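K.L.:
Just final.csv, nothing more (CSV, C-alpha atoms and all ligand atoms):
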chain,number,residue,atom,x,y,z
A,27,MET,CA,-4.0,5.1,-10.4
A,28,ARG,CA,-6.5,3.3,-12.5
A,29,GLY,CA,-7.0,-0.4,-13.3
A,30,VAL,CA,-7.9,-3.2,-11.0
A,31,VAL,CA,-6.9,-1.3,-7.9
A,32,GLN,CA,-10.0,-1.6,-5.6
A,33,GLY,CA,-10.8,-4.7,-3.6
A,34,VAL,CA,-7.3,-6.1,-4.1
A,35,GLY,CA,-5.5,-4.7,-1.0
A,36,PHE,CA,-4.2,-1.7,-2.8
A,37,ARG,CA,-4.8,0.9,-0.1
A,38,PRO,CA,-3.2,-1.2,2.6
A,39,PHE,CA,-0.3,-1.8,0.3
A,40,VAL,CA,0.1,1.9,-0.4
A,41,HIS,CA,-0.2,2.6,3.3
A,42,ALA,CA,2.6,0.1,4.2
A,43,LEU,CA,4.8,1.5,1.3
A,44,ALA,CA,4.4,5.1,2.6
A,45,TRP,CA,5.4,4.1,6.1
A,46,ARG,CA,8.4,2.2,4.7
A,47,GLU,CA,9.6,5.3,2.8
A,48,SER,CA,8.7,7.7,5.7
A,49,LEU,CA,6.2,9.6,3.6
A,50,ALA,CA,3.2,11.5,5.0
A,51,GLY,CA,-0.2,11.8,3.3
A,52,HIS,CA,-3.2,9.7,2.6
A,53,VAL,CA,-4.7,7.2,0.1
A,54,ARG,CA,-8.3,6.9,-0.8
A,55,ASN,CA,-10.6,5.2,-3.3
A,56,ALA,CA,-12.2,7.7,-5.7
A,57,GLY,CA,-14.8,6.2,-8.1
A,58,GLY,CA,-12.9,3.5,-9.9
A,59,SER,CA,-9.5,4.9,-9.1
A,60,VAL,CA,-7.1,5.1,-6.2
A,61,VAL,CA,-5.8,8.6,-5.3
A,62,VAL,CA,-2.6,9.0,-3.2
A,63,GLU,CA,-1.2,12.2,-1.8
A,64,VAL,CA,2.3,11.9,-0.4
A,65,GLU,CA,4.9,14.4,0.8
A,66,GLY,CA,8.5,13.8,1.8
A,67,GLY,CA,12.1,13.6,0.4
A,68,ARG,CA,12.7,13.4,-3.3
A,69,ALA,CA,14.5,10.0,-3.1
A,70,GLN,CA,11.7,8.5,-1.0
A,71,LEU,CA,9.1,9.8,-3.4
A,72,ASP,CA,10.9,8.2,-6.3
A,73,ALA,CA,11.3,4.9,-4.5
A,74,PHE,CA,7.6,5.0,-3.5
A,75,THR,CA,6.5,5.7,-7.1
A,76,ALA,CA,8.7,2.9,-8.5
A,77,ALA,CA,7.4,0.4,-5.9
A,78,LEU,CA,3.7,1.2,-6.7
A,79,SER,CA,3.9,-0.8,-9.8
A,80,ALA,CA,6.9,-3.1,-9.0
A,81,GLU,CA,5.5,-4.4,-5.8
A,82,ALA,CA,1.7,-4.1,-6.3
A,83,PRO,CA,-0.4,-6.8,-4.6
A,84,PRO,CA,-0.9,-10.1,-6.6
A,85,LEU,CA,-4.5,-9.4,-7.6
A,86,ALA,CA,-3.9,-5.7,-8.7
A,87,GLN,CA,-3.6,-4.7,-12.3
A,88,LEU,CA,-2.3,-1.1,-12.6
A,89,GLU,CA,-3.5,0.2,-16.0
A,90,SER,CA,-2.3,3.8,-15.6
A,91,LEU,CA,-0.7,6.1,-13.1
A,92,GLN,CA,-1.0,9.9,-13.4
A,93,GLN,CA,1.2,12.2,-11.3
A,94,ALA,CA,1.1,15.9,-10.5
A,95,THR,CA,3.0,18.1,-8.1
A,96,ILE,CA,0.9,19.9,-5.5
A,97,ALA,CA,1.7,22.2,-2.7
A,98,VAL,CA,3.1,20.7,0.5
A,99,VAL,CA,0.5,20.8,3.3
A,100,GLY,CA,2.7,19.6,6.2
A,101,GLU,CA,0.9,16.4,6.9
A,102,THR,CA,2.3,14.0,9.5
A,103,GLY,CA,1.7,10.3,9.3
A,104,PHE,CA,-0.1,8.4,6.6
A,105,SER,CA,-3.7,7.4,6.6
A,106,ILE,CA,-6.5,5.8,4.6
A,107,GLY,CA,-9.0,8.5,3.9
A,108,ALA,CA,-12.7,8.3,3.3
A,109,SER,CA,-13.7,7.1,-0.1
A,110,THR,CA,-15.1,9.7,-2.5
A,111,GLN,CA,-17.5,9.3,-5.3
A,112,ARG,CA,-16.1,10.2,-8.7
A,113,ALA,CA,-17.4,9.4,-12.1
A,114,GLY,CA,-15.2,7.2,-14.3
A,115,ASP,CA,-14.7,3.7,-15.5
A,116,VAL,CA,-15.0,1.1,-12.8
A,117,PHE,CA,-12.9,-2.0,-12.6
A,118,VAL,CA,-14.3,-4.5,-10.2
A,119,PRO,CA,-11.8,-7.3,-9.6
A,120,ALA,CA,-12.6,-10.9,-10.1
A,121,ASP,CA,-13.3,-13.2,-7.2
A,122,ALA,CA,-10.0,-14.8,-6.1
A,123,ALA,CA,-9.5,-18.3,-4.8
A,124,THR,CA,-8.6,-18.8,-1.1
A,125,CYS,CA,-4.9,-18.0,-0.7
A,126,GLU,CA,-2.3,-20.2,1.0
A,127,ALA,CA,-2.2,-18.0,4.1
A,128,CYS,CA,-5.9,-18.4,4.6
A,129,LEU,CA,-5.8,-22.1,3.9
A,130,GLY,CA,-3.2,-22.4,6.6
A,131,GLU,CA,-5.5,-20.7,9.1
A,132,LEU,CA,-8.5,-22.7,7.9
A,133,ALA,CA,-6.6,-26.0,8.8
A,134,ASP,CA,-5.0,-24.7,12.0
A,135,ARG,CA,-7.0,-25.8,15.1
A,136,THR,CA,-5.5,-23.1,17.2
A,137,ASP,CA,-6.5,-20.3,14.8
A,138,ARG,CA,-9.6,-18.3,15.6
A,139,ARG,CA,-10.7,-18.8,12.0
A,140,HIS,CA,-10.1,-22.6,12.0
A,141,ALA,CA,-12.8,-24.1,9.7
A,142,HIS,CA,-14.4,-20.7,9.1
A,143,PRO,CA,-16.4,-21.1,5.9
A,144,PHE,CA,-15.9,-17.4,5.0
A,145,ILE,CA,-12.3,-16.9,5.7
A,146,SER,CA,-10.6,-14.3,3.3
A,147,CYS,CA,-8.1,-11.6,3.3
A,148,THR,CA,-6.8,-8.7,1.2
A,149,ASP,CA,-5.3,-11.2,-1.3
A,150,CYS,CA,-8.3,-13.5,-1.6
A,151,GLY,CA,-12.1,-14.0,-1.4
A,152,PRO,CA,-15.1,-12.7,-3.2
A,153,ARG,CA,-15.0,-9.4,-5.0
A,154,TYR,CA,-17.1,-9.4,-8.2
A,155,THR,CA,-20.0,-11.2,-6.6
A,156,MET,CA,-19.8,-9.1,-3.5
A,157,VAL,CA,-19.3,-5.5,-4.6
A,158,ARG,CA,-22.5,-3.6,-5.0
A,159,GLY,CA,-21.0,-0.3,-5.9
A,160,VAL,CA,-17.9,1.8,-5.9
A,161,PRO,CA,-15.8,3.0,-4.3
A,162,TYR,CA,-15.1,-0.5,-2.9
A,163,ASP,CA,-15.6,-0.5,0.8
A,164,ARG,CA,-17.6,-2.6,3.2
A,165,ALA,CA,-20.8,-0.5,3.1
A,166,ARG,CA,-21.1,-1.2,-0.6
A,167,THR,CA,-20.7,-4.9,-0.5
A,168,THR,CA,-23.0,-7.8,0.4
A,169,MET,CA,-21.0,-7.9,3.7
A,170,ALA,CA,-22.6,-4.6,4.7
A,171,GLY,CA,-25.2,-6.4,6.9
A,172,PHE,CA,-22.5,-8.2,8.9
A,173,ALA,CA,-21.2,-5.8,11.5
A,174,MET,CA,-17.5,-6.6,12.4
A,175,CYS,CA,-16.9,-7.9,15.9
A,176,SER,CA,-14.3,-6.0,17.9
A,177,THR,CA,-11.5,-8.5,17.1
A,178,CYS,CA,-12.1,-8.3,13.4
A,179,ARG,CA,-12.4,-4.5,13.7
A,180,ALA,CA,-9.0,-4.4,15.4
A,181,GLU,CA,-7.4,-6.5,12.6
A,182,TYR,CA,-9.2,-4.3,9.9
A,183,GLU,CA,-7.7,-1.2,11.5
A,184,ASP,CA,-4.2,-2.5,12.1
A,185,PRO,CA,-1.8,-1.6,9.3
A,186,ARG,CA,0.5,-4.6,10.2
A,187,ASP,CA,-2.4,-7.1,9.9
A,188,ARG,CA,-2.9,-9.0,6.6
A,189,ARG,CA,-6.6,-8.1,6.9
A,190,PHE,CA,-6.0,-4.4,7.1
A,191,HIS,CA,-8.9,-2.9,5.2
A,192,ALA,CA,-9.9,-6.3,3.9
A,193,GLU,CA,-13.6,-5.5,3.2
A,194,SER,CA,-14.6,-9.1,3.3
A,195,ILE,CA,-13.2,-9.7,6.8
A,196,ALA,CA,-15.3,-12.0,9.0
A,197,CYS,CA,-15.0,-14.7,11.6
A,198,HIS,CA,-17.1,-17.3,13.4
A,199,ASP,CA,-18.5,-14.5,15.6
A,200,CYS,CA,-19.5,-11.9,13.1
A,201,GLY,CA,-19.5,-13.5,9.6
A,202,PRO,CA,-22.2,-15.2,7.4
A,203,ARG,CA,-23.5,-18.5,8.5
A,204,LEU,CA,-24.0,-21.8,6.7
A,205,SER,CA,-27.5,-23.3,6.6
A,206,MET,CA,-26.2,-26.7,7.7
A,207,PRO,CA,-23.0,-28.0,9.2
A,208,ILE,CA,-20.3,-29.1,6.7
A,209,GLY,CA,-20.2,-32.5,8.3
A,210,ASP,CA,-23.9,-33.0,7.6
A,211,ALA,CA,-23.5,-31.9,4.1
A,212,ALA,CA,-20.7,-34.3,3.6
A,213,ASP,CA,-22.9,-37.1,5.0
A,214,VAL,CA,-25.5,-36.3,2.4
A,215,LEU,CA,-22.9,-36.7,-0.3
A,216,ARG,CA,-21.4,-39.9,1.2
A,217,ASP,CA,-24.9,-41.4,1.4
A,218,GLY,CA,-25.3,-40.9,-2.4
A,219,GLY,CA,-27.3,-37.7,-2.2
A,220,VAL,CA,-27.3,-34.7,-4.4
A,221,LEU,CA,-26.3,-31.5,-2.6
A,222,ALA,CA,-27.1,-27.9,-3.7
A,223,VAL,CA,-24.2,-25.8,-2.8
A,224,LYS,CA,-24.4,-22.0,-2.8
A,225,GLY,CA,-21.2,-20.7,-4.3
A,226,LEU,CA,-19.9,-17.3,-5.2
A,227,GLY,CA,-21.9,-16.6,-8.3
A,228,GLY,CA,-24.8,-19.0,-8.0
A,229,TYR,CA,-25.7,-22.5,-7.0
A,230,HIS,CA,-24.0,-25.7,-7.9
A,231,LEU,CA,-25.3,-29.3,-7.7
A,232,ALA,CA,-22.8,-31.8,-6.3
A,233,CYS,CA,-22.6,-35.5,-5.8
A,234,LEU,CA,-19.8,-38.0,-5.3
A,235,ALA,CA,-17.9,-38.4,-8.6
A,236,SER,CA,-17.2,-42.1,-7.9
A,237,ASP,CA,-20.9,-43.0,-7.2
A,238,ALA,CA,-22.4,-44.3,-10.4
A,239,VAL,CA,-26.0,-44.3,-9.0
A,240,ALA,CA,-25.7,-40.7,-7.7
A,241,VAL,CA,-24.2,-39.4,-11.0
A,242,ALA,CA,-27.0,-41.2,-13.0
A,243,ARG,CA,-29.6,-39.6,-10.7
A,244,LEU,CA,-28.1,-36.2,-11.2
A,245,ARG,CA,-28.1,-36.6,-15.0
A,246,GLU,CA,-31.7,-37.7,-14.9
A,247,LYS,CA,-32.8,-34.8,-12.7
A,248,LYS,CA,-30.8,-32.2,-14.7
A,249,ARG,CA,-32.1,-33.7,-17.9
A,250,ARG,CA,-28.6,-33.9,-19.2
A,251,VAL,CA,-28.0,-37.0,-21.2
A,252,ASP,CA,-24.3,-37.3,-21.9
A,253,LYS,CA,-22.7,-33.8,-21.7
A,254,PRO,CA,-19.7,-34.3,-19.4
A,255,PHE,CA,-19.8,-33.0,-15.8
A,256,ALA,CA,-17.0,-31.0,-14.3
A,257,ILE,CA,-15.2,-32.4,-11.3
A,258,MET,CA,-14.0,-30.5,-8.3
A,259,THR,CA,-11.0,-32.2,-6.5
A,260,SER,CA,-8.1,-31.3,-4.3
A,261,ALA,CA,-6.1,-34.1,-5.9
A,262,PRO,CA,-6.5,-33.7,-9.7
A,263,GLU,CA,-3.4,-35.9,-10.3
A,264,ARG,CA,-5.5,-38.9,-9.2
A,265,LEU,CA,-8.0,-38.3,-11.9
A,266,VAL,CA,-6.2,-36.8,-14.9
A,267,ARG,CA,-2.7,-36.6,-16.4
A,268,LEU,CA,-1.7,-32.9,-16.3
A,269,HIS,CA,1.0,-31.2,-18.3
A,270,PRO,CA,2.9,-28.5,-16.4
A,271,GLU,CA,1.0,-25.7,-18.3
A,272,GLU,CA,-2.4,-27.4,-17.5
A,273,ASP,CA,-1.4,-27.7,-13.9
A,274,ALA,CA,-0.4,-24.0,-13.7
A,275,LEU,CA,-3.7,-23.0,-15.4
A,276,LEU,CA,-5.6,-25.1,-12.8
A,277,ARG,CA,-3.9,-23.4,-9.9
A,278,GLY,CA,-4.3,-19.8,-11.1
A,279,PRO,CA,-6.5,-17.4,-9.1
A,280,ALA,CA,-9.4,-17.7,-11.5
A,281,ARG,CA,-9.7,-21.4,-10.9
A,282,PRO,CA,-10.9,-22.4,-14.3
A,283,VAL,CA,-12.2,-25.8,-15.3
A,284,VAL,CA,-9.3,-27.5,-17.2
A,285,LEU,CA,-9.9,-30.3,-19.6
A,286,ALA,CA,-7.3,-33.0,-19.2
A,287,ALA,CA,-6.7,-36.6,-20.2
A,288,ARG,CA,-8.5,-39.0,-17.9
A,289,ARG,CA,-6.3,-41.6,-16.1
A,290,HIS,CA,-7.5,-45.1,-16.8
A,291,ASP,CA,-7.5,-45.9,-13.1
A,292,ALA,CA,-9.4,-42.7,-12.1
A,293,PRO,CA,-12.0,-43.4,-9.4
A,294,LEU,CA,-14.8,-41.8,-11.5
A,295,ALA,CA,-18.2,-43.2,-12.4
A,296,ALA,CA,-18.4,-43.8,-16.1
A,297,ALA,CA,-21.5,-41.5,-16.3
A,298,VAL,CA,-19.3,-38.5,-15.4
A,299,ALA,CA,-18.1,-38.2,-19.0
A,300,PRO,CA,-19.7,-41.1,-20.9
A,301,LEU,CA,-18.3,-40.4,-24.4
A,302,SER,CA,-15.1,-38.7,-23.5
A,303,ALA,CA,-11.5,-39.5,-22.7
A,304,TRP,CA,-11.2,-36.1,-21.2
A,305,ILE,CA,-12.3,-34.8,-17.8
A,306,GLY,CA,-13.0,-31.2,-16.9
A,307,VAL,CA,-11.4,-30.7,-13.5
A,308,MET,CA,-11.2,-27.7,-11.2
A,309,LEU,CA,-9.7,-27.1,-7.8
A,310,PRO,CA,-11.7,-25.8,-4.8
A,311,TYR,CA,-11.7,-22.0,-4.7
A,312,THR,CA,-13.8,-21.1,-1.7
A,313,PRO,CA,-13.4,-22.0,1.9
A,314,VAL,CA,-16.7,-23.9,1.7
A,315,HIS,CA,-15.4,-26.0,-1.1
A,316,HIS,CA,-12.2,-26.7,0.8
A,317,LEU,CA,-14.1,-27.7,3.9
A,318,LEU,CA,-16.6,-29.8,2.0
A,319,LEU,CA,-13.9,-31.7,0.0
A,320,ALA,CA,-11.9,-32.3,3.2
A,321,ALA,CA,-15.0,-33.6,5.0
A,322,THR,CA,-16.1,-35.8,2.1
A,323,GLY,CA,-12.6,-37.1,1.3
A,324,GLU,CA,-13.5,-37.6,-2.4
A,325,ALA,CA,-13.8,-35.8,-5.7
A,326,LEU,CA,-17.2,-34.2,-6.4
A,327,VAL,CA,-19.2,-33.6,-9.5
A,328,MET,CA,-19.8,-29.8,-9.4
A,329,THR,CA,-22.3,-28.6,-12.0
A,330,SER,CA,-24.3,-25.4,-12.4
A,331,ALA,CA,-27.7,-25.7,-10.8
A,332,ASN,CA,-29.4,-24.2,-13.8
A,333,LEU,CA,-31.4,-26.2,-16.2
A,334,SER,CA,-30.4,-25.2,-19.8
A,335,ASP,CA,-31.7,-21.9,-21.1
A,336,GLU,CA,-32.7,-20.6,-17.6
A,337,PRO,CA,-31.3,-17.6,-15.9
A,338,ILE,CA,-28.7,-18.1,-13.1
A,339,VAL,CA,-30.3,-19.1,-9.8
A,340,ILE,CA,-28.9,-16.7,-7.2
A,341,ASP,CA,-31.8,-15.9,-4.9
A,342,ASP,CA,-32.2,-18.3,-2.0
A,343,ALA,CA,-35.9,-18.7,-2.1
A,344,ASP,CA,-35.9,-19.2,-5.8
A,345,ALA,CA,-33.1,-21.8,-5.5
A,346,ARG,CA,-35.1,-23.8,-2.9
A,347,ALA,CA,-38.2,-23.8,-5.0
A,348,HIS,CA,-36.4,-24.4,-8.3
A,349,LEU,CA,-34.2,-27.2,-7.0
A,350,ALA,CA,-36.6,-28.8,-4.6
A,351,GLY,CA,-37.1,-31.9,-6.8
A,352,ILE,CA,-33.4,-32.1,-7.7
A,353,ALA,CA,-31.4,-31.6,-4.5
A,354,ASP,CA,-31.6,-33.7,-1.4
A,355,ALA,CA,-30.2,-31.0,0.8
A,356,PHE,CA,-29.0,-27.4,0.6
A,357,LEU,CA,-25.7,-26.1,1.8
A,358,ALA,CA,-26.5,-22.4,1.6
A,359,HIS,CA,-25.6,-19.3,3.6
A,360,ASP,CA,-26.9,-15.9,4.5
A,361,ARG,CA,-24.7,-13.7,2.4
A,362,ALA,CA,-26.4,-12.5,-0.8
A,363,ILE,CA,-24.9,-12.9,-4.2
A,364,HIS,CA,-24.6,-9.7,-6.2
A,365,LEU,CA,-24.4,-10.0,-10.0
A,366,ARG,CA,-24.5,-7.0,-12.2
B,1,ZN,ZN,-6.5,-15.0,1.9
B,2,ZN,ZN,-15.3,-11.2,13.7
Take the structure I supplied and represent it as structure tokens, if you would.
P.N.:
Amino acid sequence: MRGVVQGVGFRPFVHALAWRESLAGHVRNAGGSVVVEVEGGRAQLDAFTAALSAEAPPLAQLESLQQATIAVVGETGFSIGASTQRAGDVFVPADAATCEACLGELADRTDRRHAHPFISCTDCGPRYTMVRGVPYDRARTTMAGFAMCSTCRAEYEDPRDRRFHAESIACHDCGPRLSMPIGDAADVLRDGGVLAVKGLGGYHLACLASDAVAVARLREKKRRVDKPFAIMTSAPERLVRLHPEEDALLRGPARPVVLAARRHDAPLAAAVAPLSAWIGVMLPYTPVHHLLLAATGEALVMTSANLSDEPIVIDDADARAHLAGIADAFLAHDRAIHLR
């Protein structure tokens, strides 16, 4: 199978499907493809093949499926085999916004990943900015330096777990760490400060969207006179009027900035979009965003940390040097950003 089939939970999906249809064999990543060998009854094989495209995971995009009949080897059970290198086109999936299941755990005080800033699963989390090479597995991601703890390892190896072979799996014990507590970062914002936030693909600068002084300071520091700032909020309906199609766009996994008509009573500083009746809004898309918005309780200006015509700031030392005169504090972490 070719297409966006790596880093989207495709192998765990195939594994579950094979067990459901009582088929033996294995699945493995090979270059940019996924290769499956299965043996079993004709009806089960047909059901399996049909389900491969019909029931594929939400982030997968199956472009093509080639089939061939090979000799039965008498395998018992179904396994995820070692990845093999193979030349070919490579499709690296896009980063995906934190899913509902992970958000539930993030908010659940009894969950072991409660408030974990790097919670993710096979259906969500970083991909494009994390994958260093193919086939997609942990060793070739920016998570390679974070050895799984025994609990995460057990989830990763359990076919019934929703983090089965989730390469970005992490927890408070074994995952990346933030450079400052979320509560302290929220305090910086509430005190009118400008916060540099390390995101998936680079740094953002953030401040309270309702704070006229903070927004004006950010404009001055970014040397951006009147180009509108985008706003990150978990309650866009308080800021803009959204048509159903705009709302659907906003909630898609790519989490775009959507331009929508500003509400006259929106709690936004005029300097957010001085000359415009339109506001660019986006929803939080990483656990750090969700935690920061929840701790702050307000909408945030969220703008790229680059000054115009400069390359994207992704290196931590560069970011600190580059943004020293602009940001009052840094909410960073120790997972590298990989951009190709
Ligand atoms: Zn998830
Ligand atoms: Zn862990």
K.L.:
May I have the residues within 6 Å of ligand ZN 2 (chain B), computed using all atoms listed in the file, as a PyMOL selection string?
P.N.:
chain A and resi 174-175+177-178+196-197+199-200
K.L.:
My list of candidates is A:Ala56, A:Leu129, A:Ala292, A:Ala44. Which is closest to A:Leu71 when distances are computed with only C-alpha atoms?
P.N.:
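Once distances to A:Leu71 are computed over only C-alpha atoms, the minimum belongs to A:Ala44.
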K.L.:
Which residue is closest to A:Glu89? Choose from A:Ser176, A:Ala347, A:Val30, A:Arg186 and count only C-alpha atoms.
P.N.:
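The closest residue to A:Glu89 is A:Val30.
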K.L.:
Using 12 Å as the limit and counting all atoms listed in the file, can you tabulate each residue of stretch 146-188 of chain A that touches stretch 270-288 of chain A, with its shortest atom-to-atom distance in Å and the two atoms involved, as a Markdown table?
P.N.:
| residue | atom | partner | partner_atom | distance |
| --- | --- | --- | --- | --- |
| A:Asp149 | CA | A:Pro279 | CA | 10.0 |
| A:Cys150 | CA | A:Pro279 | CA | 8.6 |
| A:Gly151 | CA | A:Pro279 | CA | 10.1 |
| A:Pro152 | CA | A:Ala280 | CA | 11.2 |
| A:Arg153 | CA | A:Ala280 | CA | 11.9 |
| A:Tyr154 | CA | A:Ala280 | CA | 11.8 |
K.L.:
How would the residues just picked look written out with C-alpha atoms as a PDB file, keeping the file's coordinate frame?
P.N.:
ATOM      1  CA  ASP A 149      -5.300 -11.200  -1.300  1.00  0.00           C
ATOM      2  CA  CYS A 150      -8.300 -13.500  -1.600  1.00  0.00           C
ATOM      3  CA  GLY A 151     -12.100 -14.000  -1.400  1.00  0.00           C
ATOM      4  CA  PRO A 152     -15.100 -12.700  -3.200  1.00  0.00           C
ATOM      5  CA  ARG A 153     -15.000  -9.400  -5.000  1.00  0.00           C
ATOM      6  CA  TYR A 154     -17.100  -9.400  -8.200  1.00  0.00           C
TER       7      TYR A 154
END
K.L.:
So what do you get for atom CA of A:Arg179 versus atom CA of A:Leu49, distance-wise?
P.N.:
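Computed distance, atom CA of A:Arg179 to atom CA of A:Leu49, equals 25.4 Å.
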K.L.:
Can you put all heavy atoms back into stretch 76-84 of chain A and show it as a PDB file, in the frame of the given file?
P.N.:
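Final output, saved to out.pdb:
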ATOM      1  N   ALA A  76       8.188   4.111  -7.792  1.00  0.00           N
ATOM      2  CA  ALA A  76       8.700   2.900  -8.500  1.00  0.00           C
ATOM      3  C   ALA A  76       8.031   1.659  -7.900  1.00  0.00           C
ATOM      4  O   ALA A  76       7.628   0.740  -8.619  1.00  0.00           O
ATOM      5  CB  ALA A  76      10.185   2.837  -8.417  1.00  0.00           C
ATOM      6  N   ALA A  77       7.918   1.638  -6.574  1.00  0.00           N
ATOM      7  CA  ALA A  77       7.400   0.400  -5.900  1.00  0.00           C
ATOM      8  C   ALA A  77       5.904   0.259  -6.138  1.00  0.00           C
ATOM      9  O   ALA A  77       5.390  -0.855  -6.057  1.00  0.00           O
ATOM     10  CB  ALA A  77       7.692   0.520  -4.404  1.00  0.00           C
ATOM     11  N   LEU A  78       5.190   1.347  -6.456  1.00  0.00           N
ATOM     12  CA  LEU A  78       3.700   1.200  -6.700  1.00  0.00           C
ATOM     13  C   LEU A  78       3.400   0.204  -7.720  1.00  0.00           C
ATOM     14  O   LEU A  78       2.470  -0.586  -7.551  1.00  0.00           O
ATOM     15  CB  LEU A  78       3.163   2.602  -7.098  1.00  0.00           C
ATOM     16  CG  LEU A  78       2.871   3.612  -5.994  1.00  0.00           C
ATOM     17  CD1 LEU A  78       2.340   4.897  -6.610  1.00  0.00           C
ATOM     18  CD2 LEU A  78       1.884   3.061  -4.970  1.00  0.00           C
ATOM     19  N   SER A  79       4.160   0.195  -8.816  1.00  0.00           N
ATOM     20  CA  SER A  79       3.900  -0.800  -9.800  1.00  0.00           C
ATOM     21  C   SER A  79       4.712  -2.073  -9.617  1.00  0.00           C
ATOM     22  O   SER A  79       4.239  -3.183  -9.827  1.00  0.00           O
ATOM     23  CB  SER A  79       4.073  -0.248 -11.236  1.00  0.00           C
ATOM     24  OG  SER A  79       5.297   0.428 -11.312  1.00  0.00           O
ATOM     25  N   ALA A  80       5.956  -1.896  -9.155  1.00  0.00           N
ATOM     26  CA  ALA A  80       6.900  -3.100  -9.000  1.00  0.00           C
ATOM     27  C   ALA A  80       6.418  -4.028  -7.956  1.00  0.00           C
ATOM     28  O   ALA A  80       6.638  -5.228  -8.067  1.00  0.00           O
ATOM     29  CB  ALA A  80       8.281  -2.581  -8.777  1.00  0.00           C
ATOM     30  N   GLU A  81       5.793  -3.523  -6.899  1.00  0.00           N
ATOM     31  CA  GLU A  81       5.500  -4.400  -5.800  1.00  0.00           C
ATOM     32  C   GLU A  81       3.989  -4.515  -5.504  1.00  0.00           C
ATOM     33  O   GLU A  81       3.572  -4.931  -4.424  1.00  0.00           O
ATOM     34  CB  GLU A  81       6.180  -3.839  -4.497  1.00  0.00           C
ATOM     35  CG  GLU A  81       7.694  -3.797  -4.609  1.00  0.00           C
ATOM     36  CD  GLU A  81       8.335  -3.129  -3.393  1.00  0.00           C
ATOM     37  OE1 GLU A  81       7.755  -3.182  -2.294  1.00  0.00           O
ATOM     38  OE2 GLU A  81       9.420  -2.536  -3.566  1.00  0.00           O
ATOM     39  N   ALA A  82       3.176  -4.141  -6.475  1.00  0.00           N
ATOM     40  CA  ALA A  82       1.700  -4.100  -6.300  1.00  0.00           C
ATOM     41  C   ALA A  82       1.216  -5.510  -5.832  1.00  0.00           C
ATOM     42  O   ALA A  82       1.825  -6.528  -6.144  1.00  0.00           O
ATOM     43  CB  ALA A  82       1.037  -3.716  -7.576  1.00  0.00           C
ATOM     44  N   PRO A  83       0.105  -5.550  -5.084  1.00  0.00           N
ATOM     45  CA  PRO A  83      -0.400  -6.800  -4.600  1.00  0.00           C
ATOM     46  C   PRO A  83      -0.761  -7.785  -5.753  1.00  0.00           C
ATOM     47  O   PRO A  83      -1.000  -7.330  -6.876  1.00  0.00           O
ATOM     48  CB  PRO A  83      -1.723  -6.422  -3.867  1.00  0.00           C
ATOM     49  CG  PRO A  83      -1.633  -4.960  -3.645  1.00  0.00           C
ATOM     50  CD  PRO A  83      -0.716  -4.408  -4.685  1.00  0.00           C
ATOM     51  N   PRO A  84      -0.771  -9.078  -5.486  1.00  0.00           N
ATOM     52  CA  PRO A  84      -0.900 -10.100  -6.600  1.00  0.00           C
ATOM     53  C   PRO A  84      -2.152  -9.907  -7.426  1.00  0.00           C
ATOM     54  O   PRO A  84      -2.105 -10.191  -8.618  1.00  0.00           O
ATOM     55  CB  PRO A  84      -0.930 -11.409  -5.812  1.00  0.00           C
ATOM     56  CG  PRO A  84      -1.045 -11.094  -4.358  1.00  0.00           C
ATOM     57  CD  PRO A  84      -0.557  -9.704  -4.174  1.00  0.00           C
TER      58      PRO A  84
END
